[in-house]
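Visitor: Sharing model-v3.cif here; it has mmCIF, C-alpha atoms.
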```cif
data_protein
#
loop_
_atom_site.group_PDB
_atom_site.id
_atom_site.type_symbol
_atom_site.label_atom_id
_atom_site.label_comp_id
_atom_site.auth_asym_id
_atom_site.auth_seq_id
_atom_site.Cartn_x
_atom_site.Cartn_y
_atom_site.Cartn_z
ATOM 1 C CA MET A 1 0.000 0.000 0.000
ATOM 2 C CA ALA A 2 2.973 2.289 0.522
ATOM 3 C CA ARG A 3 3.663 2.191 -3.233
ATOM 4 C CA ALA A 4 -0.002 2.960 -4.013
ATOM 5 C CA LEU A 5 0.107 5.956 -1.654
ATOM 6 C CA GLU A 6 3.287 7.169 -3.359
ATOM 7 C CA LEU A 7 1.450 6.990 -6.704
ATOM 8 C CA ALA A 8 -1.553 8.815 -5.231
ATOM 9 C CA ARG A 9 0.736 11.668 -4.156
ATOM 10 C CA ALA A 10 2.128 11.803 -7.708
ATOM 11 C CA ALA A 11 -1.440 11.969 -9.035
ATOM 12 C CA ALA A 12 -2.234 14.925 -6.779
ATOM 13 C CA ALA A 13 0.936 16.712 -7.907
ATOM 14 C CA ALA A 14 -0.238 16.232 -11.501
ATOM 15 C CA GLY A 15 -3.661 17.723 -10.705
ATOM 16 C CA GLU A 16 -5.406 14.357 -10.663
ATOM 17 C CA VAL A 17 -7.636 12.946 -7.933
ATOM 18 C CA PRO A 18 -5.058 11.237 -5.695
ATOM 19 C CA VAL A 19 -5.660 7.559 -6.294
ATOM 20 C CA GLY A 20 -2.820 5.105 -6.841
ATOM 21 C CA ALA A 21 -2.956 1.413 -7.648
ATOM 22 C CA VAL A 22 -0.509 -1.482 -7.814
ATOM 23 C CA ILE A 23 -0.994 -5.069 -8.971
ATOM 24 C CA VAL A 24 1.330 -7.690 -7.541
ATOM 25 C CA ASP A 25 1.816 -11.368 -8.240
ATOM 26 C CA GLY A 26 0.132 -13.074 -5.293
ATOM 27 C CA ALA A 27 2.702 -15.872 -5.146
ATOM 28 C CA THR A 28 5.873 -13.785 -5.244
ATOM 29 C CA GLY A 29 4.771 -10.302 -4.169
ATOM 30 C CA ARG A 30 6.497 -8.935 -7.278
ATOM 31 C CA GLU A 31 4.987 -5.734 -8.699
ATOM 32 C CA LEU A 32 3.503 -6.314 -12.140
ATOM 33 C CA ALA A 33 2.102 -2.850 -12.801
ATOM 34 C CA ALA A 34 1.511 0.493 -11.109
ATOM 35 C CA ALA A 35 -0.559 3.532 -12.068
ATOM 36 C CA HIS A 36 -2.356 6.571 -10.762
ATOM 37 C CA ASN A 37 -5.438 8.375 -11.990
ATOM 38 C CA ARG A 38 -4.956 10.066 -15.378
ATOM 39 C CA VAL A 39 -8.513 11.221 -16.121
ATOM 40 C CA GLU A 40 -7.546 14.875 -16.633
ATOM 41 C CA THR A 41 -4.178 14.180 -18.254
ATOM 42 C CA ASP A 42 -5.572 11.701 -20.775
ATOM 43 C CA HIS A 43 -8.943 13.484 -21.210
ATOM 44 C CA ASP A 44 -10.478 10.077 -20.517
ATOM 45 C CA PRO A 45 -13.224 9.494 -17.938
ATOM 46 C CA THR A 46 -12.218 5.822 -17.715
ATOM 47 C CA ALA A 47 -8.542 6.500 -16.880
ATOM 48 C CA HIS A 48 -8.971 5.472 -13.248
ATOM 49 C CA ALA A 49 -5.894 4.032 -11.559
ATOM 50 C CA GLU A 50 -7.496 0.591 -11.290
ATOM 51 C CA LEU A 51 -8.334 0.338 -14.988
ATOM 52 C CA LEU A 52 -4.905 1.572 -16.030
ATOM 53 C CA VAL A 53 -3.096 -0.883 -13.755
ATOM 54 C CA ILE A 54 -5.314 -3.795 -14.842
ATOM 55 C CA ARG A 55 -4.605 -3.011 -18.504
ATOM 56 C CA ALA A 56 -0.855 -2.810 -17.881
ATOM 57 C CA ALA A 57 -0.716 -6.008 -15.807
ATOM 58 C CA ALA A 58 -2.829 -7.927 -18.339
ATOM 59 C CA ALA A 59 -0.566 -6.768 -21.171
ATOM 60 C CA ARG A 60 2.499 -7.813 -19.204
ATOM 61 C CA ALA A 61 0.948 -11.190 -18.339
ATOM 62 C CA ARG A 62 -0.316 -11.560 -21.911
ATOM 63 C CA SER A 63 -3.666 -12.631 -20.489
ATOM 64 C CA PRO A 64 -7.001 -10.935 -19.776
ATOM 65 C CA ARG A 65 -7.218 -12.865 -16.511
ATOM 66 C CA LEU A 66 -5.070 -12.030 -13.495
ATOM 67 C CA SER A 67 -6.355 -14.756 -11.177
ATOM 68 C CA GLY A 68 -3.189 -15.084 -9.104
ATOM 69 C CA CYS A 69 -2.779 -11.335 -8.637
ATOM 70 C CA ASP A 70 -3.664 -8.846 -5.926
ATOM 71 C CA LEU A 71 -4.663 -5.186 -6.300
ATOM 72 C CA TYR A 72 -3.666 -2.484 -3.834
ATOM 73 C CA VAL A 73 -5.551 0.790 -4.343
ATOM 74 C CA THR A 74 -5.838 3.852 -2.127
ATOM 75 C CA LEU A 75 -9.610 4.338 -2.536
ATOM 76 C CA GLU A 76 -12.554 1.944 -2.587
ATOM 77 C CA PRO A 77 -13.097 1.113 -6.272
ATOM 78 C CA CYS A 78 -16.051 2.690 -8.053
ATOM 79 C CA PRO A 79 -18.643 0.448 -9.754
ATOM 80 C CA MET A 80 -16.840 0.655 -13.124
ATOM 81 C CA CYS A 81 -13.533 -0.400 -11.596
ATOM 82 C CA ALA A 82 -15.143 -3.076 -9.416
ATOM 83 C CA GLN A 83 -16.660 -4.699 -12.499
ATOM 84 C CA ALA A 84 -13.281 -4.568 -14.276
ATOM 85 C CA ILE A 85 -11.708 -6.220 -11.213
ATOM 86 C CA ALA A 86 -14.278 -9.016 -11.461
ATOM 87 C CA PHE A 87 -13.670 -9.415 -15.214
ATOM 88 C CA ALA A 88 -9.897 -9.573 -14.609
ATOM 89 C CA ARG A 89 -10.517 -12.198 -11.923
ATOM 90 C CA LEU A 90 -8.132 -10.598 -9.460
ATOM 91 C CA ARG A 91 -7.559 -12.765 -6.405
ATOM 92 C CA ARG A 92 -7.628 -10.063 -3.721
ATOM 93 C CA VAL A 93 -8.359 -6.348 -3.446
ATOM 94 C CA TYR A 94 -6.835 -4.243 -0.692
ATOM 95 C CA PHE A 95 -8.084 -0.657 -0.535
ATOM 96 C CA GLY A 96 -7.405 2.346 1.647
ATOM 97 C CA ALA A 97 -10.170 4.910 2.138
ATOM 98 C CA TYR A 98 -13.840 3.977 1.961
ATOM 99 C CA ASP A 99 -15.957 5.921 -0.552
ATOM 100 C CA PRO A 100 -19.564 6.240 0.674
ATOM 101 C CA LYS A 101 -20.541 8.462 -2.289
ATOM 102 C CA GLY A 102 -18.823 6.769 -5.218
ATOM 103 C CA GLY A 103 -17.730 3.343 -4.044
ATOM 104 C CA GLY A 104 -18.903 0.162 -5.669
ATOM 105 C CA VAL A 105 -17.544 -2.485 -3.299
ATOM 106 C CA ASP A 106 -18.690 -1.767 0.269
ATOM 107 C CA HIS A 107 -20.974 1.090 -0.808
ATOM 108 C CA GLY A 108 -23.338 1.850 -3.682
ATOM 109 C CA PRO A 109 -24.167 -1.132 -5.879
ATOM 110 C CA ARG A 110 -21.758 -3.511 -4.070
ATOM 111 C CA ILE A 111 -20.750 -5.131 -7.358
ATOM 112 C CA PHE A 112 -19.183 -8.248 -5.857
ATOM 113 C CA ALA A 113 -22.373 -9.040 -3.900
ATOM 114 C CA GLN A 114 -24.583 -9.050 -7.002
ATOM 115 C CA PRO A 115 -25.818 -12.415 -8.304
ATOM 116 C CA THR A 116 -24.716 -11.360 -11.799
ATOM 117 C CA CYS A 117 -21.089 -11.012 -10.656
ATOM 118 C CA HIS A 118 -19.236 -14.109 -11.822
ATOM 119 C CA HIS A 119 -16.057 -13.549 -9.805
ATOM 120 C CA ARG A 120 -15.738 -12.232 -6.264
ATOM 121 C CA PRO A 121 -12.247 -11.398 -5.057
ATOM 122 C CA GLU A 122 -11.377 -11.364 -1.395
ATOM 123 C CA VAL A 123 -11.697 -7.728 -0.282
ATOM 124 C CA TYR A 124 -9.902 -5.970 2.567
ATOM 125 C CA GLY A 125 -10.798 -2.323 3.150
ATOM 126 C CA GLY A 126 -9.344 0.325 5.424
ATOM 127 C CA ILE A 127 -5.661 -0.466 4.752
ATOM 128 C CA GLU A 128 -3.756 2.783 5.496
ATOM 129 C CA GLU A 129 -7.205 4.390 5.477
ATOM 130 C CA GLN A 130 -6.170 7.533 7.337
ATOM 131 C CA ALA A 131 -3.230 8.320 5.030
ATOM 132 C CA ALA A 132 -5.376 7.792 1.922
ATOM 133 C CA ALA A 133 -8.253 9.861 3.317
ATOM 134 C CA ILE A 134 -5.954 12.747 4.245
ATOM 135 C CA LEU A 135 -4.576 12.875 0.689
ATOM 136 C CA LEU A 136 -8.106 13.046 -0.716
ATOM 137 C CA ARG A 137 -9.320 15.649 1.812
ATOM 138 C CA GLU A 138 -6.321 17.905 1.213
ATOM 139 C CA PHE A 139 -6.669 17.593 -2.554
ATOM 140 C CA PHE A 140 -10.358 18.556 -2.570
ATOM 141 C CA ALA A 141 -9.900 21.276 0.051
ATOM 142 C CA GLY A 142 -7.297 22.867 -2.240
ATOM 143 C CA ARG A 143 -9.755 22.727 -5.139
ATOM 144 C CA ARG A 144 -12.538 24.414 -3.162
ATOM 145 C CA GLY A 145 -10.364 26.985 -1.435
#
```
What's the structure tokens form of this structure?
Guide:
Amino acid sequence: MARALELARAAAAAGEVPVGAVIVDGATGRELAAAHNRVETDHDPTAHAELLVIRAAAARARSPRLSGCDLYVTLEPCPMCAQAIAFARLRRVYFGAYDPKGGGVDHGPRIFAQPTCHHRPEVYGGIEEQAAAILLREFFAGRRG
């Protein structure tokens, strides 16, 4: 999660919502891919850290399925990202801050709990929650102020 937080800080410095994500090989702990939000930079509403890191890890693995891999992300994934996580068949998801307004895992549509969801990763929320939440609060406070 430390690497994901580092990426989230880089996102904030680039004017992006501070979310960072890392995918690691579950067996070795080796980093396969890392990314931060690039929505503004890429002019792409789907350029969330999770989608970018899934794309990069899948390309590196030369497979659309990442069943032995784990995702570390600083914010609870939104519904779009949660569905991509299910499609990628990630083994585990570790996230930092909870997102009551935009989350799709523990909040909102709870994608993994839906009967139409064909893959449910293990999910662990609240990892380094305070550090992730502070980054988000400071980023949005700077935008409003």
Visitor: Would you write out, as a PDB file with C-alpha atoms, keeping the file's coordinate frame, every residue that the PyMOL selection byres ((chain A and resi 31) around 10) captures in this file?
Guide:
```pdb
ATOM      1  CA  ARG A   3       3.663   2.191  -3.233  1.00  0.00           C
ATOM      2  CA  VAL A  22      -0.509  -1.482  -7.814  1.00  0.00           C
ATOM      3  CA  ILE A  23      -0.994  -5.069  -8.971  1.00  0.00           C
ATOM      4  CA  VAL A  24       1.330  -7.690  -7.541  1.00  0.00           C
ATOM      5  CA  ASP A  25       1.816 -11.368  -8.240  1.00  0.00           C
ATOM      6  CA  GLY A  26       0.132 -13.074  -5.293  1.00  0.00           C
ATOM      7  CA  THR A  28       5.873 -13.785  -5.244  1.00  0.00           C
ATOM      8  CA  GLY A  29       4.771 -10.302  -4.169  1.00  0.00           C
ATOM      9  CA  ARG A  30       6.497  -8.935  -7.278  1.00  0.00           C
ATOM     10  CA  LEU A  32       3.503  -6.314 -12.140  1.00  0.00           C
ATOM     11  CA  ALA A  33       2.102  -2.850 -12.801  1.00  0.00           C
ATOM     12  CA  ALA A  34       1.511   0.493 -11.109  1.00  0.00           C
ATOM     13  CA  ALA A  57      -0.716  -6.008 -15.807  1.00  0.00           C
ATOM     14  CA  CYS A  69      -2.779 -11.335  -8.637  1.00  0.00           C
ATOM     15  CA  ASP A  70      -3.664  -8.846  -5.926  1.00  0.00           C
ATOM     16  CA  LEU A  71      -4.663  -5.186  -6.300  1.00  0.00           C
TER      17      LEU A  71
END
```
Visitor: List, as a VMD selection string, every residue that the PyMOL selection byres ((chain A and resi 66) around 7) selects in the file provided.
Guide: chain A and resid 58 64 to 65 67 to 69 88 to 90
Visitor: Just the residues within 6 Å of stretch 9-20 of chain A, please, counting all atoms listed in the file, with nothing from its chain fewer than 6 positions along; format it as a short mmCIF file (atom, residue, chain, number, x, y, z; two decimals) with C-alpha atoms, keeping the file's coordinate frame.
Guide:
```cif
data_model
loop_
_atom_site.label_atom_id
_atom_site.label_comp_id
_atom_site.auth_asym_id
_atom_site.auth_seq_id
_atom_site.Cartn_x
_atom_site.Cartn_y
_atom_site.Cartn_z
CA ALA A 35 -0.56 3.53 -12.07
CA HIS A 36 -2.36 6.57 -10.76
CA ASN A 37 -5.44 8.38 -11.99
CA ALA A 49 -5.89 4.03 -11.56
CA VAL A 73 -5.55 0.79 -4.34
CA THR A 74 -5.84 3.85 -2.13
#
```
Visitor: Let me know the centre plus edge lengths, in Å and rounded to one decimal, of a box with edges along x, y and z that contains all listed atoms of stretch 30-48 of chain A and is padded by 8 Å on every side, as lines of an AutoDock Vina configuration file.
Guide:
```
center_x = -3.4
center_y = 3.0
center_z = -14.2
size_x = 35.7
size_y = 39.8
size_z = 29.9
```
Visitor: Going by the chain IDs and residue numbers used in this file, which residues fall under the PyMOL selection byres ((chain A and resi 87) around 12)? Write them as a PyMOL selection string.
Guide: chain A and resi 51+54-55+58+63-67+80-86+88-91+111-112+116-121
Visitor: Using all atoms listed in the file, which residue out of A:His48, A:Tyr72, A:Pro79, A:Gly142 lies closest to A:Gly108?
Guide: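 Among A:His48, A:Tyr72, A:Pro79, A:Gly142, it is A:Pro79 that comes nearest to A:Gly108.
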Visitor: For A:Val123, which residue among A:Arg110, A:His43, A:Arg38, A:Arg144 is the nearest when counting all atoms listed in the file?
Guide: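 Residue with the minimum atom-to-atom distance to A:Val123: A:Arg110.
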Visitor: From the options A:Ala21, A:Arg143, A:Ala61, A:Glu76, which residue's atoms come nearest to A:Leu5, counting all atoms listed in the file?
Guide: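 Residue with the minimum atom-to-atom distance to A:Leu5: A:Ala21.
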Visitor: With all atoms listed in the file as the atoms that count, which of A:Ala113, A:Glu50, A:Arg92, A:Tyr124 lies nearest to A:Ala8?
Guide: A:Glu50
Visitor: Rounded to one decimal in Å, what is the spacing between atom CA of A:Asp106 and atom CA of A:Gly126?
Guide: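 Atom-to-atom, atom CA of A:Asp106 to atom CA of A:Gly126, that is 10.9 Å.
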